[in-house]
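Participant: One file: work.pdb (PDB, C-alpha atoms).
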ATOM      1  CA  ARG B  56     155.021 167.299 137.811
ATOM      2  CA  GLU B  57     156.397 165.573 134.705
ATOM      3  CA  TRP B  58     154.225 162.476 135.147
ATOM      4  CA  GLN B  59     151.101 164.573 135.284
ATOM      5  CA  LEU B  60     152.162 166.368 132.112
ATOM      6  CA  VAL B  61     152.764 163.002 130.435
ATOM      7  CA  GLY B  62     149.262 161.970 131.532
ATOM      8  CA  VAL B  63     147.655 165.110 130.097
ATOM      9  CA  ALA B  64     149.521 164.695 126.785
ATOM     10  CA  ALA B  65     148.643 160.989 126.661
ATOM     11  CA  LEU B  66     144.990 161.838 127.244
ATOM     12  CA  LEU B  67     145.171 164.298 124.354
ATOM     13  CA  LEU B  68     146.740 161.684 122.043
ATOM     14  CA  ALA B  69     144.208 159.030 123.048
ATOM     15  CA  ALA B  70     141.325 161.444 122.499
ATOM     16  CA  LYS B  71     142.667 162.386 119.072
ATOM     17  CA  ALA B  72     143.179 158.736 118.103
ATOM     18  CA  GLU B  73     139.850 157.415 119.366
ATOM     19  CA  GLY B  74     137.423 160.269 119.905
ATOM     20  CA  ASP B  75     135.122 162.176 117.610
ATOM     21  CA  LYS B  76     135.635 165.491 119.388
ATOM     22  CA  PRO B  77     138.952 165.553 121.234
ATOM     23  CA  PRO B  78     139.515 168.411 123.657
ATOM     24  CA  THR B  79     141.715 171.251 122.517
ATOM     25  CA  ILE B  80     145.099 171.816 124.087
ATOM     26  CA  GLY B  81     143.699 174.986 125.621
ATOM     27  CA  GLU B  82     140.830 173.047 127.210
ATOM     28  CA  LEU B  83     143.246 170.515 128.695
ATOM     29  CA  ALA B  84     145.450 173.302 130.014
ATOM     30  CA  HIS B  85     142.392 174.866 131.666
ATOM     31  CA  LEU B  86     141.252 171.475 133.078
ATOM     32  CA  SER B  87     144.691 171.037 134.635
ATOM     33  CA  GLY B  88     144.034 174.263 136.568
ATOM     34  CA  ASP B  89     146.369 176.071 134.186
ATOM     35  CA  PHE B  90     149.205 174.177 135.866
ATOM     36  CA  TYR B  91     150.555 173.424 132.384
ATOM     37  CA  SER B  92     150.657 175.852 129.493
ATOM     38  CA  ALA B  93     149.376 174.922 126.056
ATOM     39  CA  SER B  94     152.979 175.095 124.875
ATOM     40  CA  GLU B  95     154.142 172.570 127.513
ATOM     41  CA  ILE B  96     151.315 170.164 126.610
ATOM     42  CA  ARG B  97     152.076 170.498 122.876
ATOM     43  CA  LYS B  98     155.808 169.818 123.466
ATOM     44  CA  MET B  99     155.013 166.747 125.584
ATOM     45  CA  GLU B 100     152.574 165.525 122.915
ATOM     46  CA  VAL B 101     155.361 165.726 120.325
ATOM     47  CA  THR B 102     157.778 163.982 122.703
ATOM     48  CA  LEU B 103     155.289 161.161 123.244
ATOM     49  CA  LEU B 104     154.689 160.789 119.512
ATOM     50  CA  HIS B 105     158.424 160.493 118.870
ATOM     51  CA  THR B 106     158.875 158.079 121.783
ATOM     52  CA  LEU B 107     156.078 155.889 120.394
ATOM     53  CA  ASP B 108     157.530 156.246 116.884
ATOM     54  CA  PHE B 109     154.095 157.575 115.859
ATOM     55  CA  ARG B 110     152.546 154.120 116.444
ATOM     56  CA  LEU B 111     149.379 154.909 118.330
ATOM     57  CA  GLY B 112     147.275 151.907 117.517
ATOM     58  CA  MET B 113     147.537 148.246 116.794
ATOM     59  CA  ALA B 114     145.193 146.172 114.734
ATOM     60  CA  THR B 115     143.285 143.705 116.866
ATOM     61  CA  SER B 116     142.165 140.246 115.887
ATOM     62  CA  MET B 117     138.625 141.650 115.516
ATOM     63  CA  HIS B 118     139.864 144.310 113.080
ATOM     64  CA  CYS B 119     141.672 141.632 111.081
ATOM     65  CA  LEU B 120     138.597 139.388 111.135
ATOM     66  CA  GLY B 121     136.562 142.233 109.647
ATOM     67  CA  ILE B 122     139.069 142.587 106.829
ATOM     68  CA  LEU B 123     139.128 138.837 106.153
ATOM     69  CA  LEU B 124     135.330 138.641 106.172
ATOM     70  CA  SER B 125     135.059 141.535 103.738
ATOM     71  CA  ARG B 126     137.218 139.575 101.298
ATOM     72  CA  ASP B 127     135.436 136.234 101.689
ATOM     73  CA  ASP B 128     132.254 136.031  99.630
ATOM     74  CA  SER B 129     131.387 132.611 101.025
ATOM     75  CA  ALA B 130     131.410 133.672 104.691
ATOM     76  CA  THR B 131     127.963 133.882 106.267
ATOM     77  CA  VAL B 132     126.634 135.665 109.335
ATOM     78  CA  VAL B 133     127.065 132.392 111.224
ATOM     79  CA  HIS B 134     130.717 132.132 110.127
ATOM     80  CA  ALA B 135     131.317 135.633 111.421
ATOM     81  CA  ALA B 136     129.507 134.998 114.719
ATOM     82  CA  LEU B 137     131.376 131.767 115.391
ATOM     83  CA  ALA B 138     134.753 133.297 114.489
ATOM     84  CA  ARG B 139     134.030 136.237 116.832
ATOM     85  CA  TYR B 140     133.037 133.728 119.521
ATOM     86  CA  PHE B 141     136.411 131.980 119.242
ATOM     87  CA  LEU B 142     138.276 135.287 119.347
ATOM     88  CA  GLU B 143     136.365 136.619 122.339
ATOM     89  CA  LEU B 144     136.929 133.398 124.284
ATOM     90  CA  ALA B 145     140.635 133.718 123.457
ATOM     91  CA  LEU B 146     140.742 137.069 125.245
ATOM     92  CA  PHE B 147     140.727 135.080 128.500
ATOM     93  CA  ARG B 148     144.254 133.935 127.659
ATOM     94  CA  LEU B 149     146.796 136.696 128.157
ATOM     95  CA  ALA B 150     149.065 135.454 125.361
ATOM     96  CA  PHE B 151     146.175 135.886 122.908
ATOM     97  CA  ALA B 152     144.928 139.180 124.291
ATOM     98  CA  SER B 153     148.401 140.724 124.148
ATOM     99  CA  GLY B 154     149.252 139.322 120.718
ATOM    100  CA  ALA B 155     152.320 137.622 122.219
ATOM    101  CA  ALA B 156     151.366 134.125 121.057
ATOM    102  CA  TYR B 157     150.073 134.875 117.569
ATOM    103  CA  THR B 158     149.639 138.025 115.536
ATOM    104  CA  PRO B 159     146.100 139.404 115.308
ATOM    105  CA  LEU B 160     145.934 138.389 111.632
ATOM    106  CA  VAL B 161     146.892 134.784 112.439
ATOM    107  CA  GLN B 162     144.296 134.699 115.239
ATOM    108  CA  ALA B 163     141.577 135.995 112.895
ATOM    109  CA  ALA B 164     142.501 133.573 110.118
ATOM    110  CA  ALA B 165     142.515 130.648 112.548
ATOM    111  CA  ALA B 166     139.123 131.607 113.979
ATOM    112  CA  LEU B 167     137.646 131.910 110.494
ATOM    113  CA  LEU B 168     139.081 128.550 109.429
ATOM    114  CA  LEU B 169     137.701 126.898 112.553
ATOM    115  CA  SER B 170     134.266 128.365 111.982
ATOM    116  CA  ASP B 171     134.374 127.153 108.393
ATOM    117  CA  ALA B 172     135.435 123.655 109.489
ATOM    118  CA  LEU B 173     132.592 123.496 112.021
ATOM    119  CA  ILE B 174     129.874 124.898 109.786
ATOM    120  CA  ARG B 175     130.756 123.095 106.588
ATOM    121  CA  GLN B 176     131.785 119.865 108.339
ATOM    122  CA  ARG B 177     135.043 119.603 106.460
ATOM    123  CA  PRO B 178     138.684 119.479 107.506
ATOM    124  CA  MET B 179     140.553 122.726 107.805
ATOM    125  CA  ARG B 180     142.232 123.775 104.590
ATOM    126  CA  ARG B 181     145.730 125.155 104.298
ATOM    127  CA  VAL B 182     146.058 128.831 103.483
ATOM    128  CA  GLY B 183     148.998 130.977 102.437
ATOM    129  CA  SER B 184     152.597 129.900 102.653
ATOM    130  CA  ALA B 185     153.665 126.793 104.538
ATOM    131  CA  ARG B 186     154.983 128.952 107.388
ATOM    132  CA  ALA B 187     151.752 130.968 107.592
ATOM    133  CA  SER B 188     149.681 127.769 107.444
ATOM    134  CA  GLU B 189     151.672 126.261 110.311
ATOM    135  CA  ALA B 190     151.125 129.344 112.481
ATOM    136  CA  ILE B 191     147.413 129.439 111.644
ATOM    137  CA  GLU B 192     147.027 125.721 112.351
ATOM    138  CA  ALA B 193     148.879 126.009 115.683
ATOM    139  CA  CYS B 194     146.704 128.980 116.616
ATOM    140  CA  ALA B 195     143.578 127.041 115.608
ATOM    141  CA  GLN B 196     144.646 124.225 117.921
ATOM    142  CA  GLU B 197     144.949 126.699 120.787
ATOM    143  CA  LEU B 198     141.557 128.225 119.969
ATOM    144  CA  VAL B 199     139.985 124.752 120.064
ATOM    145  CA  LYS B 200     141.544 124.132 123.485
ATOM    146  CA  ILE B 201     140.257 127.472 124.766
ATOM    147  CA  ALA B 202     136.763 126.843 123.415
ATOM    148  CA  ALA B 203     136.790 123.293 124.806
ATOM    149  CA  ALA B 204     137.722 124.714 128.213
ATOM    150  CA  ALA B 205     134.613 126.894 127.981
ATOM    151  CA  THR B 206     132.514 123.728 128.005
ATOM    152  CA  THR B 207     133.852 122.615 131.415
ATOM    153  CA  PRO B 208     132.077 123.747 134.591
ATOM    154  CA  ALA B 209     134.950 126.051 135.628
ATOM    155  CA  GLY B 210     135.339 127.374 132.089
ATOM    156  CA  ARG B 211     131.612 128.023 131.732
ATOM    157  CA  GLU B 212     131.688 130.146 134.867
ATOM    158  CA  LEU B 213     134.806 132.091 133.857
ATOM    159  CA  MET B 214     133.758 132.658 130.258
ATOM    160  CA  ARG B 215     130.063 133.064 131.000
ATOM    161  CA  PRO B 216     129.813 136.685 129.743
ATOM    162  CA  VAL B 217     131.001 135.666 126.288
ATOM    163  CA  VAL B 218     128.798 132.572 126.145
ATOM    164  CA  VAL B 219     125.742 134.555 127.276
ATOM    165  CA  LYS B 220     126.438 137.294 124.758
ATOM    166  CA  PHE B 221     126.626 134.842 121.880
ATOM    167  CA  SER B 222     123.610 132.849 123.028
ATOM    168  CA  ARG B 223     121.551 136.018 122.455
ATOM    169  CA  GLU B 224     122.853 136.685 118.954
ATOM    170  CA  GLY B 225     120.405 134.840 116.716
ATOM    171  CA  PRO B 226     122.647 133.065 114.185
ATOM    172  CA  GLY B 227     125.374 132.929 116.809
ATOM    173  CA  LEU B 228     123.048 130.945 119.064
ATOM    174  CA  HIS B 229     122.797 128.044 116.602
ATOM    175  CA  ALA B 230     126.555 128.019 116.020
ATOM    176  CA  ALA B 231     127.406 128.212 119.727
ATOM    177  CA  ALA B 232     124.865 125.525 120.625
ATOM    178  CA  ARG B 233     126.542 123.019 118.285
ATOM    179  CA  LEU B 234     129.950 124.022 119.464
ATOM    180  CA  SER B 235     130.334 121.593 122.372
ATOM    181  CA  ALA B 236     129.863 118.399 120.349
ATOM    182  CA  GLU B 237     131.850 119.682 117.409
ATOM    183  CA  LEU B 238     134.743 120.766 119.617
ATOM    184  CA  LEU B 239     135.249 117.177 120.662
ATOM    185  CA  ARG B 240     135.524 116.214 116.989
ATOM    186  CA  LEU B 241     138.006 119.005 116.288
ATOM    187  CA  TRP B 242     139.904 118.226 119.484
ATOM    188  CA  SER B 243     140.416 114.665 118.288
ATOM    189  CA  VAL B 244     141.638 115.935 114.889
ATOM    190  CA  PHE B 245     144.321 117.903 116.734
ATOM    191  CA  GLY B 246     145.382 114.982 118.895
ATOM    192  CA  GLY B 247     143.314 115.671 122.001
ATOM    193  CA  PRO B 248     141.607 113.031 124.110
TER     194      PRO B 248
END
Starting from the coordinates I provided, produce the structure as C-alpha cells.
Facilitator:
Amino acid sequence: REWQLVGVAALLLAAKAEGDKPPTIGELAHLSGDFYSASEIRKMEVTLLHTLDFRLGMATSMHCLGILLSRDDSATVVHAALARYFLELALFRLAFASGAAYTPLVQAAAALLLSDALIRQRPMRRVGSARASEAIEACAQELVKIAAAATTPAGRELMRPVVVKFSREGPGLHAAARLSAELLRLWSVFGGP
C-alpha cells in the first residue's frame, strides 16, 4: 500500500515539475479508485519533497550548453549543432549520461570547445581556472574518443539514431560530414593512434 502511495505522490511531483497542467490531488485520489485520500497524497508529497531535499531536477549537459551558447556571441548554428552532436553521442556512455564522469557544465563546455576547434581549425583554448581547464580538457578527450567510436562499423550501428538525426539538420549535416577526418586530427592531438 505504501509503495503505491509513493508512486501516486511521485507522479504528482513529476507532473508539477514537468507538466503544463498537472492533475489535482483530488483527481489523483479519484484515479487511484479513492484508495488514497487527498490528505494522504498531500502528506506523502511533502514527505517525498523533504526526502529529496526539494531537489527535483538536475541541469543536463544540454541545458548547460544552451546557457553557454547564449553567452557566446561568436557561436554559430554549426557550433551549436556540432556541440549537441558530441553531447548526444556521449549519452551512449553511462558515465556521461549519469553525470558521474563529468558535471553537465564541464560536458557542455568541452563539447563547445571541441566544436570550436573543429570549425575554426585551431587548437583548443584553455578556459577558466587551471582545475576547470583540466576537467574540460579531459572531458573533451573522452568526447573525441566517443565520437571516433561512432565512425567505426560497430559504433555507426549503435549510434545510428544520433548520426541520422544530425545528418538531417542542415548546418549539422556539414559539420557531421567533416567530423570523421577531423576526429583523426583531434585524436592525434590527444595522443591517440
Participant: Could you write out as a list in words the residues that the PyMOL selection byres ((chain B and resi 153-163) around 7) matches in the shown file?
Facilitator: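 For this structure, the PyMOL selection byres ((chain B and resi 153-163) around 7) captures Ala114, Thr115, Ser116, Met117, Cys119, Leu120, Leu149, Ala150, Phe151, Ala152, Ala164, Ala165, Ala166, Leu167, Ala190, Ile191 and Cys194 of chain B.
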Participant: Write out, as a short mmCIF file (atom, residue, chain, number, x, y, z; two decimals), in the coordinates of the input, the residues just selected, with C-alpha atoms.
Facilitator:
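Here's the written file again39.cif:
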data_model
loop_
_atom_site.label_atom_id
_atom_site.label_comp_id
_atom_site.auth_asym_id
_atom_site.auth_seq_id
_atom_site.Cartn_x
_atom_site.Cartn_y
_atom_site.Cartn_z
CA ALA B 114 145.19 146.17 114.73
CA THR B 115 143.28 143.71 116.87
CA SER B 116 142.16 140.25 115.89
CA MET B 117 138.62 141.65 115.52
CA CYS B 119 141.67 141.63 111.08
CA LEU B 120 138.60 139.39 111.14
CA LEU B 149 146.80 136.70 128.16
CA ALA B 150 149.06 135.45 125.36
CA PHE B 151 146.18 135.89 122.91
CA ALA B 152 144.93 139.18 124.29
CA ALA B 164 142.50 133.57 110.12
CA ALA B 165 142.51 130.65 112.55
CA ALA B 166 139.12 131.61 113.98
CA LEU B 167 137.65 131.91 110.49
CA ALA B 190 151.12 129.34 112.48
CA ILE B 191 147.41 129.44 111.64
CA CYS B 194 146.70 128.98 116.62
#
Participant: Determine the axis-aligned bounding box of all atoms of stretch 112-120 of chain B present in the file, pad each side by 8 Å, and express its centre and edge lengths in Å to one decimal place as AutoDock Vina command-line options.
Facilitator:
--center_x 143.1 --center_y 145.6 --center_z 114.3 --size_x 24.9 --size_y 28.5 --size_z 22.4
Participant: On this structure, which residues satisfy the PyMOL selection byres ((chain B and resi 84) around 12), written as a PyMOL selection string?
Facilitator: chain B and resi 59-60+63-64+66-67+78-83+85-97
Participant: What is the atom CA of B:Ala195-atom CA of B:Ala136 distance in Å, reported with one decimal?
Facilitator: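 Taking atom CA of B:Ala195 as the start and atom CA of B:Ala136 as the end point, the length is 16.2 Å.
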Participant: Identify all residues satisfying the PyMOL selection byres ((chain B and resi 141) around 12) in the given file; provide them as a PyMOL selection string.
Facilitator: chain B and resi 116-117+120+134-140+142-148+151+162-170+173+194-205+214+217-218+221+227+230-231+234+238
Participant: For each of B:Thr206, B:Glu73, B:Arg110, B:Met99, take the minimum atom-to-atom distance to B:Val61, counting all atoms listed in the file, then give the residue where this is smallest.
Facilitator: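 Among B:Thr206, B:Glu73, B:Arg110, B:Met99, it is B:Met99 that comes nearest to B:Val61.
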Participant: Rounded to one decimal in Å, what is the spacing between atom CA of B:Ile174 and atom CA of B:Glu212?
Facilitator: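 Atom-to-atom, atom CA of B:Ile174 to atom CA of B:Glu212, that is 25.7 Å.
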Participant: Have a look at atom CA of B:Ala72 and atom CA of B:Leu104 and let me know their distance in Å, one decimal.
Facilitator: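 That distance, rounded to one decimal, is 11.8 Å.
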Participant: Tell me which of B:Leu213, B:Ala172, B:Ala70, B:Ala65 sits closest to B:Ala130, counting only C-alpha atoms.
Facilitator: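 For B:Ala130, the nearest of the given residues is B:Ala172.
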